$ cat work-v2.pdb   # PDB, C-alpha atoms, pLDDT in the B column
ATOM      1  CA  MET A 263     210.225-168.071 112.336  1.00 89.00           C
ATOM      2  CA  PHE A 264     208.321-167.853 109.010  1.00 97.00           C
ATOM      3  CA  SER A 265     205.049-169.628 108.246  1.00 97.00           C
ATOM      4  CA  GLU A 266     204.887-172.395 105.676  1.00 98.00           C
ATOM      5  CA  THR A 267     202.653-170.152 103.556  1.00 98.00           C
ATOM      6  CA  LEU A 268     205.253-167.371 103.526  1.00 98.00           C
ATOM      7  CA  LEU A 269     208.047-169.811 102.696  1.00 97.00           C
ATOM      8  CA  ASP A 270     205.986-171.309  99.877  1.00 98.00           C
ATOM      9  CA  HIS A 271     205.414-167.854  98.340  1.00 98.00           C
ATOM     10  CA  PHE A 272     209.141-167.136  98.664  1.00 97.00           C
ATOM     11  CA  ARG A 273     210.235-170.443  97.130  1.00 98.00           C
ATOM     12  CA  ASN A 274     207.496-170.468  94.472  1.00 98.00           C
ATOM     13  CA  PRO A 275     206.557-166.851  93.808  1.00 97.00           C
ATOM     14  CA  ARG A 276     203.345-166.382  91.888  1.00 96.00           C
ATOM     15  CA  ARG A 277     203.038-163.988  88.980  1.00 97.00           C
ATOM     16  CA  ILE A 278     206.634-162.763  89.039  1.00 97.00           C
ATOM     17  CA  GLY A 279     207.763-160.386  86.318  1.00 97.00           C
ATOM     18  CA  SER A 280     206.225-157.398  84.589  1.00 97.00           C
ATOM     19  CA  LEU A 281     203.582-156.616  81.990  1.00 97.00           C
ATOM     20  CA  ASP A 282     204.118-154.453  78.935  1.00 96.00           C
ATOM     21  CA  PRO A 283     202.217-151.202  78.421  1.00 92.00           C
ATOM     22  CA  PRO A 284     199.419-150.322  78.459  1.00 94.00           C
ATOM     23  CA  ALA A 285     199.630-152.105  81.828  1.00 96.00           C
ATOM     24  CA  ILE A 286     199.767-149.761  84.798  1.00 96.00           C
ATOM     25  CA  THR A 287     202.995-149.964  86.785  1.00 97.00           C
ATOM     26  CA  VAL A 288     203.547-148.680  90.318  1.00 97.00           C
ATOM     27  CA  ARG A 289     206.628-148.818  92.503  1.00 98.00           C
ATOM     28  CA  VAL A 290     206.830-148.419  96.260  1.00 98.00           C
ATOM     29  CA  GLU A 291     209.805-148.613  98.547  1.00 95.00           C
ATOM     30  CA  ASN A 292     210.699-148.643 102.179  1.00 90.00           C
ATOM     31  CA  PRO A 293     213.534-146.131 102.608  1.00 87.00           C
ATOM     32  CA  VAL A 294     214.474-147.565 106.004  1.00 85.00           C
ATOM     33  CA  CYS A 295     215.284-151.114 104.870  1.00 86.00           C
ATOM     34  CA  GLY A 296     215.610-150.554 101.111  1.00 91.00           C
ATOM     35  CA  ASP A 297     212.884-153.008 100.041  1.00 95.00           C
ATOM     36  CA  ILE A 298     211.296-152.188  96.669  1.00 97.00           C
ATOM     37  CA  LEU A 299     208.057-153.611  95.270  1.00 98.00           C
ATOM     38  CA  THR A 300     206.902-152.995  91.696  1.00 98.00           C
ATOM     39  CA  LEU A 301     203.462-154.037  90.444  1.00 97.00           C
ATOM     40  CA  SER A 302     202.304-154.194  86.835  1.00 97.00           C
ATOM     41  CA  ALA A 303     198.579-154.619  86.284  1.00 97.00           C
ATOM     42  CA  ASP A 304     196.367-155.048  83.263  1.00 97.00           C
ATOM     43  CA  VAL A 305     193.029-153.496  84.151  1.00 94.00           C
ATOM     44  CA  GLY A 306     189.796-153.709  82.211  1.00 93.00           C
ATOM     45  CA  ASN A 307     186.380-152.366  83.194  1.00 91.00           C
ATOM     46  CA  GLY A 308     187.879-151.258  86.518  1.00 88.00           C
ATOM     47  CA  VAL A 309     189.019-154.788  87.485  1.00 94.00           C
ATOM     48  CA  VAL A 310     192.570-156.152  87.751  1.00 96.00           C
ATOM     49  CA  ARG A 311     192.638-158.820  85.039  1.00 97.00           C
ATOM     50  CA  GLU A 312     196.311-159.725  85.251  1.00 97.00           C
ATOM     51  CA  VAL A 313     199.085-158.703  87.614  1.00 98.00           C
ATOM     52  CA  ARG A 314     202.822-159.276  87.970  1.00 98.00           C
ATOM     53  CA  PHE A 315     205.341-158.194  90.591  1.00 98.00           C
ATOM     54  CA  LYS A 316     209.039-157.668  91.091  1.00 98.00           C
ATOM     55  CA  ALA A 317     210.560-157.321  94.528  1.00 97.00           C
ATOM     56  CA  ARG A 318     213.988-156.470  95.837  1.00 95.00           C
ATOM     57  CA  GLY A 319     214.422-157.247  99.462  1.00 94.00           C
ATOM     58  CA  CYS A 320     214.282-159.927 102.088  1.00 93.00           C
ATOM     59  CA  THR A 321     212.530-163.294 102.022  1.00 95.00           C
ATOM     60  CA  ALA A 322     209.387-161.774 103.529  1.00 96.00           C
ATOM     61  CA  SER A 323     209.166-158.950 100.968  1.00 96.00           C
ATOM     62  CA  ILE A 324     209.358-161.364  98.048  1.00 97.00           C
ATOM     63  CA  ALA A 325     206.640-163.493  99.645  1.00 98.00           C
ATOM     64  CA  ALA A 326     204.528-160.387 100.329  1.00 98.00           C
ATOM     65  CA  GLY A 327     204.731-159.363  96.669  1.00 98.00           C
ATOM     66  CA  SER A 328     203.651-162.828  95.616  1.00 98.00           C
ATOM     67  CA  VAL A 329     200.733-163.042  98.043  1.00 98.00           C
ATOM     68  CA  LEU A 330     199.661-159.531  97.069  1.00 98.00           C
ATOM     69  CA  THR A 331     199.149-160.693  93.491  1.00 98.00           C
ATOM     70  CA  ASP A 332     196.781-163.372  94.843  1.00 97.00           C
ATOM     71  CA  LEU A 333     194.897-160.748  96.836  1.00 98.00           C
ATOM     72  CA  ILE A 334     194.438-158.266  93.987  1.00 97.00           C
ATOM     73  CA  SER A 335     193.738-160.552  91.017  1.00 96.00           C
ATOM     74  CA  GLY A 336     190.151-159.991  89.907  1.00 96.00           C
ATOM     75  CA  VAL A 337     189.656-157.095  92.319  1.00 95.00           C
ATOM     76  CA  SER A 338     188.103-153.736  91.458  1.00 93.00           C
ATOM     77  CA  GLY A 339     189.959-150.481  91.932  1.00 88.00           C
ATOM     78  CA  ALA A 340     187.740-149.550  94.875  1.00 89.00           C
ATOM     79  CA  ASP A 341     188.426-152.883  96.586  1.00 95.00           C
ATOM     80  CA  LEU A 342     192.182-152.413  96.220  1.00 95.00           C
ATOM     81  CA  ARG A 343     191.923-149.823  98.984  1.00 94.00           C
ATOM     82  CA  LYS A 344     190.538-152.484 101.336  1.00 96.00           C
ATOM     83  CA  ILE A 345     193.806-154.426 101.203  1.00 97.00           C
ATOM     84  CA  ASP A 346     195.619-153.277 104.297  1.00 97.00           C
ATOM     85  CA  ALA A 347     198.703-154.564 106.088  1.00 97.00           C
ATOM     86  CA  SER A 348     196.652-156.870 108.313  1.00 98.00           C
ATOM     87  CA  LYS A 349     195.143-158.636 105.261  1.00 98.00           C
ATOM     88  CA  VAL A 350     198.574-159.132 103.717  1.00 98.00           C
ATOM     89  CA  GLU A 351     199.980-160.419 106.987  1.00 98.00           C
ATOM     90  CA  ALA A 352     197.061-162.828 107.441  1.00 98.00           C
ATOM     91  CA  ALA A 353     197.474-164.103 103.865  1.00 98.00           C
ATOM     92  CA  LEU A 354     201.123-164.835 104.657  1.00 98.00           C
ATOM     93  CA  GLY A 355     200.192-166.819 107.756  1.00 98.00           C
ATOM     94  CA  GLY A 356     201.585-164.154 110.067  1.00 97.00           C
ATOM     95  CA  LEU A 357     204.862-162.282 110.257  1.00 97.00           C
ATOM     96  CA  PRO A 358     207.518-161.944 112.951  1.00 96.00           C
ATOM     97  CA  ASN A 359     207.751-158.425 114.379  1.00 95.00           C
ATOM     98  CA  GLU A 360     210.929-157.614 112.469  1.00 94.00           C
ATOM     99  CA  SER A 361     209.214-158.423 109.153  1.00 95.00           C
ATOM    100  CA  LYS A 362     205.868-156.656 109.606  1.00 95.00           C
ATOM    101  CA  HIS A 363     207.080-153.781 107.430  1.00 95.00           C
ATOM    102  CA  VAL A 364     206.644-155.947 104.313  1.00 96.00           C
ATOM    103  CA  ALA A 365     202.881-156.143 104.849  1.00 97.00           C
ATOM    104  CA  ARG A 366     202.785-152.354 104.878  1.00 96.00           C
ATOM    105  CA  LEU A 367     204.908-152.192 101.721  1.00 97.00           C
ATOM    106  CA  ALA A 368     202.495-154.544  99.924  1.00 97.00           C
ATOM    107  CA  SER A 369     199.415-152.631 101.085  1.00 97.00           C
ATOM    108  CA  ASP A 370     201.080-149.380  99.965  1.00 97.00           C
ATOM    109  CA  ALA A 371     201.530-150.921  96.511  1.00 97.00           C
ATOM    110  CA  ALA A 372     197.832-151.876  96.370  1.00 97.00           C
ATOM    111  CA  ARG A 373     196.898-148.326  97.365  1.00 96.00           C
ATOM    112  CA  ALA A 374     199.279-146.833  94.784  1.00 97.00           C
ATOM    113  CA  LEU A 375     197.643-148.981  92.120  1.00 96.00           C
ATOM    114  CA  ALA A 376     194.193-147.849  93.278  1.00 95.00           C
ATOM    115  CA  ASP A 377     195.357-144.231  93.073  1.00 94.00           C
ATOM    116  CA  ARG A 378     196.585-144.734  89.501  1.00 93.00           C
ATOM    117  CA  LEU A 379     193.269-146.326  88.509  1.00 89.00           C
ATOM    118  CA  ALA A 380     191.349-143.406  90.009  1.00 86.00           C
ATOM    119  CA  ALA A 381     193.468-140.786  88.235  1.00 78.00           C
ATOM    120  CA  PRO A 382     191.850-139.217  85.160  1.00 71.00           C
TER     121      PRO A 382
END
$ encode --input "work-v2.pdb" --output "structure tokens"
Amino acid sequence: MFSETLLDHFRNPRRIGSLDPPAITVRVENPVCGDILTLSADVGNGVVREVRFKARGCTASIAAGSVLTDLISGVSGADLRKIDASKVEAALGGLPNESKHVARLASDAARALADRLAAP
């Protein structure tokens, strides 16, 4: 059902938690299933230097939050927008149809972070 990569990120989540201000924090949720993903990022010179996540949801959403931190660490604000659901899904080793929504949730979080970085 789930890939070994996804299960590894669920069992051993990377960068879990939050960062204190002045870190930027964004929160996205899926109102249909109730999953919530919160990202905290320390950004310097337009690049994500450190990132943490918290997730409330299913196995796949916790794994998606973890893999998202891998995808955005060291990335510029402009490149955050290039992280779409297909990249998250590929990084997880694929998703069953009923779990594809978590890839969208993670990509929405990356986009929300990019939006906050672009705001004056």
$ closest_residue --input "work-v2.pdb" --among "A:Ile334, A:Thr300, A:Ala322, A:Leu268" --to "A:Ala353" --atoms "all atoms listed in the file"
A:Leu268
$ residues_around --input "work-v2.pdb" --residues "A:Asp270" --least-positions-apart "5" --cutoff "12 Å" --atoms "all atoms listed in the file" --output "PDB file with C-alpha atoms, in the coordinates of the input"
ATOM      1  CA  PHE A 264     208.321-167.853 109.010  1.00 97.00           C
ATOM      2  CA  SER A 265     205.049-169.628 108.246  1.00 97.00           C
ATOM      3  CA  PRO A 275     206.557-166.851  93.808  1.00 97.00           C
ATOM      4  CA  ARG A 276     203.345-166.382  91.888  1.00 96.00           C
ATOM      5  CA  THR A 321     212.530-163.294 102.022  1.00 95.00           C
ATOM      6  CA  ALA A 322     209.387-161.774 103.529  1.00 96.00           C
ATOM      7  CA  ILE A 324     209.358-161.364  98.048  1.00 97.00           C
ATOM      8  CA  ALA A 325     206.640-163.493  99.645  1.00 98.00           C
ATOM      9  CA  ALA A 326     204.528-160.387 100.329  1.00 98.00           C
ATOM     10  CA  SER A 328     203.651-162.828  95.616  1.00 98.00           C
ATOM     11  CA  VAL A 329     200.733-163.042  98.043  1.00 98.00           C
ATOM     12  CA  ALA A 353     197.474-164.103 103.865  1.00 98.00           C
ATOM     13  CA  LEU A 354     201.123-164.835 104.657  1.00 98.00           C
ATOM     14  CA  GLY A 355     200.192-166.819 107.756  1.00 98.00           C
TER      15      GLY A 355
END
$ residues_around --input "work-v2.pdb" --residues "A:Leu379" --least-positions-apart "2" --cutoff "10 Å" --atoms "all atoms listed in the file" --output "VMD selection string"
chain A and resid 286 305 308 to 310 338 to 340 342 373 to 377 381 to 382
$ write_last_selection --input "work-v2.pdb" --atoms "C-alpha atoms" --output "short mmCIF file (atom, residue, chain, number, x, y, z; two decimals), keeping the file's coordinate frame"
data_model
loop_
_atom_site.label_atom_id
_atom_site.label_comp_id
_atom_site.auth_asym_id
_atom_site.auth_seq_id
_atom_site.Cartn_x
_atom_site.Cartn_y
_atom_site.Cartn_z
CA ILE A 286 199.77 -149.76 84.80
CA VAL A 305 193.03 -153.50 84.15
CA GLY A 308 187.88 -151.26 86.52
CA VAL A 309 189.02 -154.79 87.48
CA VAL A 310 192.57 -156.15 87.75
CA SER A 338 188.10 -153.74 91.46
CA GLY A 339 189.96 -150.48 91.93
CA ALA A 340 187.74 -149.55 94.88
CA LEU A 342 192.18 -152.41 96.22
CA ARG A 373 196.90 -148.33 97.36
CA ALA A 374 199.28 -146.83 94.78
CA LEU A 375 197.64 -148.98 92.12
CA ALA A 376 194.19 -147.85 93.28
CA ASP A 377 195.36 -144.23 93.07
CA ALA A 381 193.47 -140.79 88.24
CA PRO A 382 191.85 -139.22 85.16
#
$ residues_around --input "work-v2.pdb" --residues "A:Ser335" --least-positions-apart "3" --cutoff "8 Å" --atoms "only C-alpha atoms" --output "MDAnalysis selection string"
chainID A and resid 310:313 331:332
$ resolve_selection --input "work-v2.pdb" --expression "the PyMOL selection byres ((chain A and resi 285) around 7)" --output "PyMOL selection string"
chain A and resi 281-284+286-287+302-304
$ atom_distance --input "work-v2.pdb" --atom1 "atom CA of A:Arg273" --atom2 "atom CA of A:Arg343"
27.6 Å
$ closest_residue --input "work-v2.pdb" --among "A:Ala317, A:Ile298, A:Val290, A:Leu357" --to "A:Met263" --atoms "all atoms listed in the file"
A:Leu357
$ closest_residue --input "work-v2.pdb" --among "A:Pro358, A:Arg314, A:Ile345, A:Val350" --to "A:Ala372" --atoms "all atoms listed in the file"
A:Ile345
$ closest_residue --input "work-v2.pdb" --among "A:Leu301, A:Ala347, A:Ile278, A:Cys295" --to "A:Ala371" --atoms "only C-alpha atoms"
A:Leu301
$ atom_distance --input "work-v2.pdb" --atom1 "atom CA of A:Asn292" --atom2 "atom CA of A:Asn274"
23.4 Å
$ closest_residue --input "work-v2.pdb" --among "A:Asp346, A:Asn359, A:Glu266, A:Val337" --to "A:Gly306" --atoms "only C-alpha atoms"
A:Val337
